[in-house]
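Engineer: Structure file coords-v7.txt (compact mmCIF, C-alpha atoms) right here:
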# COMPACT_ATOMS: atom_id res chain seq x y z
CA MET H 1 193.50 67.62 291.56
CA ARG H 2 190.41 69.82 291.88
CA PRO H 3 187.19 68.28 290.51
CA GLY H 4 186.87 70.88 287.75
CA ARG H 5 190.34 70.24 286.31
CA ARG H 6 190.57 68.00 283.24
CA ARG H 7 193.03 65.18 282.68
CA LEU H 8 190.86 62.70 280.91
CA GLY H 9 193.10 60.22 279.17
CA ALA H 10 194.56 58.70 282.32
CA ARG H 11 191.38 58.25 284.29
CA ARG H 12 188.54 56.97 282.09
CA ARG H 13 188.58 53.61 283.81
CA ARG H 14 186.09 50.92 282.91
CA GLN H 15 188.06 48.11 284.44
CA LEU H 16 187.08 44.52 285.04
CA LEU H 17 186.30 44.01 288.72
CA GLY H 18 186.49 40.51 290.15
CA ARG H 19 186.81 38.13 287.21
CA ASP H 20 184.88 37.34 284.09
CA HIS H 21 182.53 34.36 283.97
CA ARG H 22 182.85 32.08 280.95
CA ARG H 23 180.28 29.60 279.68
CA PRO H 24 182.00 27.41 277.07
CA ARG H 25 178.85 25.52 276.04
CA ARG H 26 177.14 28.72 274.92
CA GLY H 27 180.38 30.40 273.84
CA LEU H 28 179.86 33.45 276.07
CA ALA H 29 182.03 35.34 278.54
CA PHE H 30 180.28 37.71 280.98
CA VAL H 31 182.33 40.73 282.02
CA PRO H 32 181.29 43.10 284.87
CA THR H 33 182.91 46.54 284.66
CA GLY H 34 183.85 49.34 287.03
CA SER H 35 182.66 52.92 287.19
CA ALA H 36 183.97 55.95 285.33
CA THR H 37 186.00 58.39 287.40
CA TYR H 38 186.02 60.59 289.31
CA ASP H 39 183.65 59.00 291.81
CA TYR H 40 180.86 61.27 293.08
CA TYR H 41 181.49 63.92 290.41
CA GLY H 42 180.45 63.75 286.78
CA ALA H 43 180.29 67.27 285.35
CA ASP H 44 183.29 66.57 283.08
CA ARG H 45 182.02 63.20 281.77
CA ALA H 46 178.66 63.95 280.18
CA GLY H 47 176.25 61.22 279.17
CA ASP H 48 175.64 57.73 280.54
CA ASN H 49 179.37 56.80 280.39
CA LEU H 50 178.82 53.56 278.49
CA PHE H 51 180.30 50.87 279.06
CA ALA H 52 181.03 51.67 282.69
CA ASN H 53 178.94 49.92 285.38
CA SER H 54 177.89 47.34 282.81
CA LEU H 55 177.53 43.63 282.32
CA ILE H 56 178.94 42.80 278.89
CA ALA H 57 178.43 39.47 277.14
CA LEU H 58 181.27 38.68 274.75
CA ASP H 59 181.69 35.93 272.19
CA ALA H 60 184.31 33.80 273.94
CA ARG H 61 185.87 32.80 270.62
CA THR H 62 186.11 36.16 268.86
CA GLY H 63 185.77 38.76 271.63
CA GLU H 64 182.85 40.36 269.79
CA ARG H 65 180.25 42.01 271.98
CA ARG H 66 176.98 40.08 271.87
CA TRP H 67 174.99 42.32 274.24
CA HIS H 68 175.39 44.62 277.19
CA GLN H 69 173.33 46.05 280.03
CA GLN H 70 174.37 49.17 281.92
CA LEU H 71 173.22 48.81 285.53
CA VAL H 72 174.14 52.34 286.64
CA ARG H 73 174.12 55.30 284.25
CA HIS H 74 176.47 58.24 284.83
CA ASP H 75 177.56 56.77 288.15
CA LEU H 76 177.84 59.32 290.98
CA TRP H 77 177.88 56.80 293.85
CA ASP H 78 180.79 54.41 293.11
CA ARG H 79 178.29 51.64 292.29
CA ASP H 80 180.57 49.52 290.09
CA LEU H 81 179.71 45.88 289.50
CA PRO H 82 181.76 44.26 292.27
CA ALA H 83 181.66 40.55 291.45
CA PRO H 84 181.25 38.09 288.58
CA PRO H 85 177.64 37.14 287.85
CA ASN H 86 175.96 33.82 288.49
CA LEU H 87 174.46 31.66 285.78
CA VAL H 88 170.99 30.54 286.84
CA THR H 89 167.84 29.01 285.36
CA LEU H 90 164.57 30.87 285.87
CA ARG H 91 161.31 28.94 285.72
CA ARG H 92 158.45 31.08 284.45
CA ASP H 93 155.03 29.73 283.42
CA GLY H 94 156.46 26.23 283.07
CA THR H 95 159.33 27.37 280.85
CA GLU H 96 163.00 27.29 281.82
CA ILE H 97 164.87 30.48 280.89
CA PRO H 98 168.69 30.58 280.89
CA ALA H 99 169.61 33.69 282.87
CA VAL H 100 172.61 35.55 284.22
CA ALA H 101 172.39 37.25 287.62
CA PRO H 102 174.87 40.03 288.53
CA VAL H 103 174.77 41.20 292.15
CA THR H 104 175.13 44.87 293.02
CA LYS H 105 176.32 47.26 295.71
CA THR H 106 172.76 48.59 295.99
CA GLY H 107 171.35 45.24 297.07
CA PRO H 108 169.27 43.64 294.30
CA ALA H 109 170.43 40.94 291.91
CA PHE H 110 169.45 41.65 288.30
CA LEU H 111 168.24 38.89 286.01
CA PHE H 112 168.93 39.01 282.27
CA HIS H 113 168.29 36.44 279.55
CA ARG H 114 171.67 34.84 279.09
CA GLU H 115 171.64 34.81 275.29
CA THR H 116 169.86 38.07 274.44
CA GLY H 117 170.45 40.32 277.48
CA GLU H 118 166.74 41.02 277.83
CA PRO H 119 165.87 42.23 281.38
CA LEU H 120 163.55 39.67 282.96
CA PHE H 121 162.22 42.10 285.58
CA PRO H 122 162.65 45.68 284.32
CA ARG H 123 161.92 48.91 286.19
CA GLU H 124 163.19 52.48 286.39
CA GLU H 125 164.11 54.41 289.56
CA PRO H 126 164.25 58.24 289.27
CA VAL H 127 167.35 60.20 290.23
CA VAL H 128 166.64 63.14 292.51
CA GLY H 129 168.61 66.36 293.14
CA PRO H 130 169.51 69.14 293.60
CA PHE H 131 172.55 68.49 291.42
CA ILE H 132 176.07 69.88 291.37
CA PRO H 133 176.17 72.85 288.96
CA GLY H 134 177.25 71.70 285.51
CA ASP H 135 176.45 68.04 286.10
CA SER H 136 173.71 66.23 284.20
CA PRO H 137 172.83 62.98 285.98
CA ALA H 138 170.77 60.35 284.21
CA ALA H 139 167.04 60.87 284.69
CA SER H 140 166.57 57.33 286.00
CA GLN H 141 168.37 54.11 286.89
CA PRO H 142 167.35 50.51 286.14
CA LEU H 143 166.19 48.38 289.04
CA PRO H 144 164.49 44.96 288.96
CA THR H 145 160.84 44.78 289.98
CA ARG H 146 160.78 41.31 291.51
CA PRO H 147 162.85 38.64 293.27
CA PRO H 148 165.50 38.01 294.23
CA ARG H 149 164.75 40.51 296.98
CA PRO H 150 167.47 43.03 297.93
CA PHE H 151 169.86 41.52 300.47
CA VAL H 152 170.63 44.83 302.24
CA ALA H 153 168.55 47.74 303.51
CA ARG H 154 168.60 50.20 300.62
CA VAL H 155 167.27 53.43 302.10
CA LEU H 156 167.16 55.08 305.52
CA SER H 157 163.86 56.20 307.04
CA ARG H 158 163.05 57.95 310.30
CA ALA H 159 161.81 54.61 311.63
CA ASP H 160 165.37 53.25 311.32
CA VAL H 161 166.88 55.86 313.65
CA THR H 162 168.19 54.51 316.94
CA ASP H 163 165.94 54.30 319.98
CA TYR H 164 168.85 53.59 322.32
CA SER H 165 167.87 56.74 324.16
CA GLU H 166 165.44 59.57 323.59
CA THR H 167 168.34 62.03 323.54
CA ALA H 168 170.24 60.11 320.85
CA ARG H 169 167.14 59.63 318.72
CA ALA H 170 166.15 63.29 318.95
CA ALA H 171 169.66 64.43 318.04
CA ILE H 172 169.82 62.24 314.93
CA LEU H 173 166.32 63.17 313.79
CA ALA H 174 167.23 66.84 314.14
CA ARG H 175 170.37 66.25 312.07
CA LEU H 176 168.39 64.52 309.36
CA GLU H 177 166.13 67.55 308.91
CA SER H 178 168.86 69.29 306.89
CA MET H 179 169.84 66.22 304.86
CA GLN H 180 168.52 64.36 301.83
CA PHE H 181 167.59 60.73 302.50
CA GLY H 182 164.98 58.09 301.78
CA ARG H 183 165.75 57.54 298.08
CA LEU H 184 168.22 55.09 296.60
CA TYR H 185 169.58 57.39 293.90
CA THR H 186 170.00 60.88 295.34
CA ALA H 187 172.67 62.71 293.37
CA PRO H 188 175.48 64.46 295.26
CA GLY H 189 174.80 68.18 295.45
CA ALA H 190 174.90 71.23 297.65
CA ALA H 191 172.79 69.53 300.33
CA GLU H 192 174.20 66.77 302.51
CA ASN H 193 173.08 63.23 301.64
CA VAL H 194 172.64 60.05 303.61
CA VAL H 195 174.27 57.35 301.46
CA SER H 196 172.44 54.06 301.85
CA PRO H 197 173.59 51.38 301.36
CA GLY H 198 177.05 52.58 302.41
CA LEU H 199 179.82 53.24 299.94
CA ASP H 200 180.91 49.59 300.01
CA GLY H 201 177.43 48.13 299.48
CA GLY H 202 175.76 45.64 299.30
CA ALA H 203 177.63 43.02 297.34
CA GLU H 204 181.42 43.18 297.30
CA TRP H 205 184.23 41.29 295.60
CA GLY H 206 183.31 37.96 297.15
CA GLU H 207 181.47 35.90 294.54
CA PRO H 208 177.92 34.67 295.34
CA ARG H 209 176.80 31.14 294.67
CA GLY H 210 173.52 29.71 293.44
CA THR H 211 172.22 26.48 294.98
CA ARG H 212 169.91 24.35 292.86
CA ARG H 213 168.52 22.37 295.79
CA ALA H 214 167.44 25.47 297.75
CA ALA H 215 166.71 27.50 294.60
CA ALA H 216 168.60 30.36 296.23
CA LEU H 217 171.42 32.78 295.45
CA ARG H 218 173.81 33.14 298.42
Could the structure of this file be written out as structure tokens, please?
Structural biologist:
Amino acid sequence: MRPGRRRLGARRRRQLLGRDHRRPRRGLAFVPTGSATYDYYGADRAGDNLFANSLIALDARTGERRWHQQLVRHDLWDRDLPAPPNLVTLRRDGTEIPAVAPVTKTGPAFLFHRETGEPLFPREEPVVGPFIPGDSPAASQPLPTRPPRPFVARVLSRADVTDYSETARAAILARLESMQFGRLYTAPGAAENVVSPGLDGGAEWGEPRGTRRAAALR
């Protein structure tokens, strides 16, 4: 089917990827969701496409939504939430904060207050174009400002190009001159893009684990 054709009812997926994470003591279930389709094209799905690419906290007894956070708005990069989140405790200024930490295909782990959904390290990353005609990408995407640090290289720079040989390096640098690169959220458009991290990420379906002794997420 060509990208401009419309058959909406069968493809508005916001599926659960991996599994949900339930916390009986607090009565919450944390559900990471997939992206809206089609991937890489959004001109026929205007807006942020809520509740795609989201972490949703549900009341485990009633199914009622307690809070949500959308980690990618109007996804054009297939950046669904690939794995269930970890439940962690953040120590800040001598206070312990119950948190939930979803990992992402773009590299960082977000931290939200487990009961309220408040971002513990908020930030916005602009989306850059040029854009596909008719598409209206979100102006920015949320990214955390502080640790945990990203666990993959998120953007490509000229310094990353191979130095295996002068010929190979010169050829790749010349190729990059006609491409968009160096930003995490560059929208697909008429120009060619370097997608970094790759289409698979980043985090994938394997679930991370937090270790109390090392105070680390692995």
Engineer: Mind pulling up the distance from CA of Glu96 (chain H) to CA of Arg149 (chain H)?
Structural biologist: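 Interatomic distance here is 20.2 Å.
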Engineer: Using all atoms listed in the file, which of the listed residues (H:Gly27, H:Gly34, H:Pro84, H:Pro108) sits closest to Ala60 (chain H)?
Structural biologist: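 Comparing H:Gly27, H:Gly34, H:Pro84, H:Pro108 against Ala60 (chain H), the winner is H:Gly27.
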Engineer: Kindly indicate which residue among H:Ile56, H:Ala168, H:Leu81, H:Ala138 lies nearest to Thr116 (chain H), using only C-alpha atoms for the distances.
Structural biologist: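 Going through H:Ile56, H:Ala168, H:Leu81, H:Ala138 one by one, the smallest distance to Thr116 (chain H) is for H:Ile56.
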Engineer: Please, what distance in Å, to one decimal, runs between CA of Ala190 (chain H) and CA of Asp44 (chain H)?
Structural biologist: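 Value for the CA of Ala190 (chain H)-CA of Asp44 (chain H) distance: 17.4 Å.
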Engineer: Within 12 Å of region 170-175 of chain H, counting only C-alpha atoms, which residues show up once you throw out same-chain ones fewer than 4 positions away? Write them as an MDAnalysis selection string, please.
Structural biologist: chainID H and resid 156:166 179:181 192:194
Engineer: Near Val195 (chain H), within 9 Å and counting all atoms listed in the file, which residues show up once chain neighbours fewer than 3 positions away are dropped, as a PDB file with C-alpha atoms, keeping the file's coordinate frame?
Structural biologist:
ATOM      1  CA  TRP H  77     177.880  56.800 293.850  1.00  0.00           C
ATOM      2  CA  VAL H 155     167.270  53.430 302.100  1.00  0.00           C
ATOM      3  CA  LEU H 156     167.160  55.080 305.520  1.00  0.00           C
ATOM      4  CA  PHE H 181     167.590  60.730 302.500  1.00  0.00           C
ATOM      5  CA  LEU H 184     168.220  55.090 296.600  1.00  0.00           C
ATOM      6  CA  TYR H 185     169.580  57.390 293.900  1.00  0.00           C
ATOM      7  CA  THR H 186     170.000  60.880 295.340  1.00  0.00           C
ATOM      8  CA  GLY H 198     177.050  52.580 302.410  1.00  0.00           C
ATOM      9  CA  LEU H 199     179.820  53.240 299.940  1.00  0.00           C
TER      10      LEU H 199
END
Engineer: Please compute the CA of Gly117 (chain H)-CA of Ala101 (chain H) distance, one decimal, in Å.
Structural biologist: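 About the pair CA of Gly117 (chain H) and CA of Ala101 (chain H): they are 10.8 Å apart.
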Engineer: Could you check the closest approach to Leu55 (chain H) for each of H:Leu76, H:Ala83, H:Leu176, H:Ala187 and tell me which residue wins, using all atoms listed in the file?
Structural biologist: H:Ala83
Engineer: For Arg154 (chain H), please output as a CSV table (one decimal) with C-alpha atoms, keeping the file's coordinate frame all residues within 8 Å (counting all atoms listed in the file; exclusion window: fewer than 6 positions along the same chain).
Structural biologist:
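The result, stored in result-v2.csv:
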chain,number,residue,atom,x,y,z
H,106,THR,CA,172.8,48.6,296.0
H,107,GLY,CA,171.4,45.2,297.1
H,184,LEU,CA,168.2,55.1,296.6
H,196,SER,CA,172.4,54.1,301.8
H,197,PRO,CA,173.6,51.4,301.4
Engineer: When distances are computed from only C-alpha atoms, which of H:Val72, H:Val152, H:Ala52, H:Val31 shows the smallest separation from Val100 (chain H)?
Structural biologist: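 Selected residue with least distance to Val100 (chain H): H:Val31.
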Engineer: Please list as a PyMOL selection string every residue within 8 Å of Glu124 (chain H), counting only C-alpha atoms and excluding residues in the same chain fewer than 6 positions away.
Structural biologist: chain H and resi 140-143
Engineer: If you keep C-alpha atoms, can you produce a file of those selected residues as an mmCIF file, in the frame of the given file?
Structural biologist:
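Output contents, as saved in out_8.cif:
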data_model
loop_
_atom_site.group_PDB
_atom_site.id
_atom_site.type_symbol
_atom_site.label_atom_id
_atom_site.label_comp_id
_atom_site.auth_asym_id
_atom_site.auth_seq_id
_atom_site.Cartn_x
_atom_site.Cartn_y
_atom_site.Cartn_z
ATOM 1 C CA SER H 140 166.570 57.330 286.000
ATOM 2 C CA GLN H 141 168.370 54.110 286.890
ATOM 3 C CA PRO H 142 167.350 50.510 286.140
ATOM 4 C CA LEU H 143 166.190 48.380 289.040
#
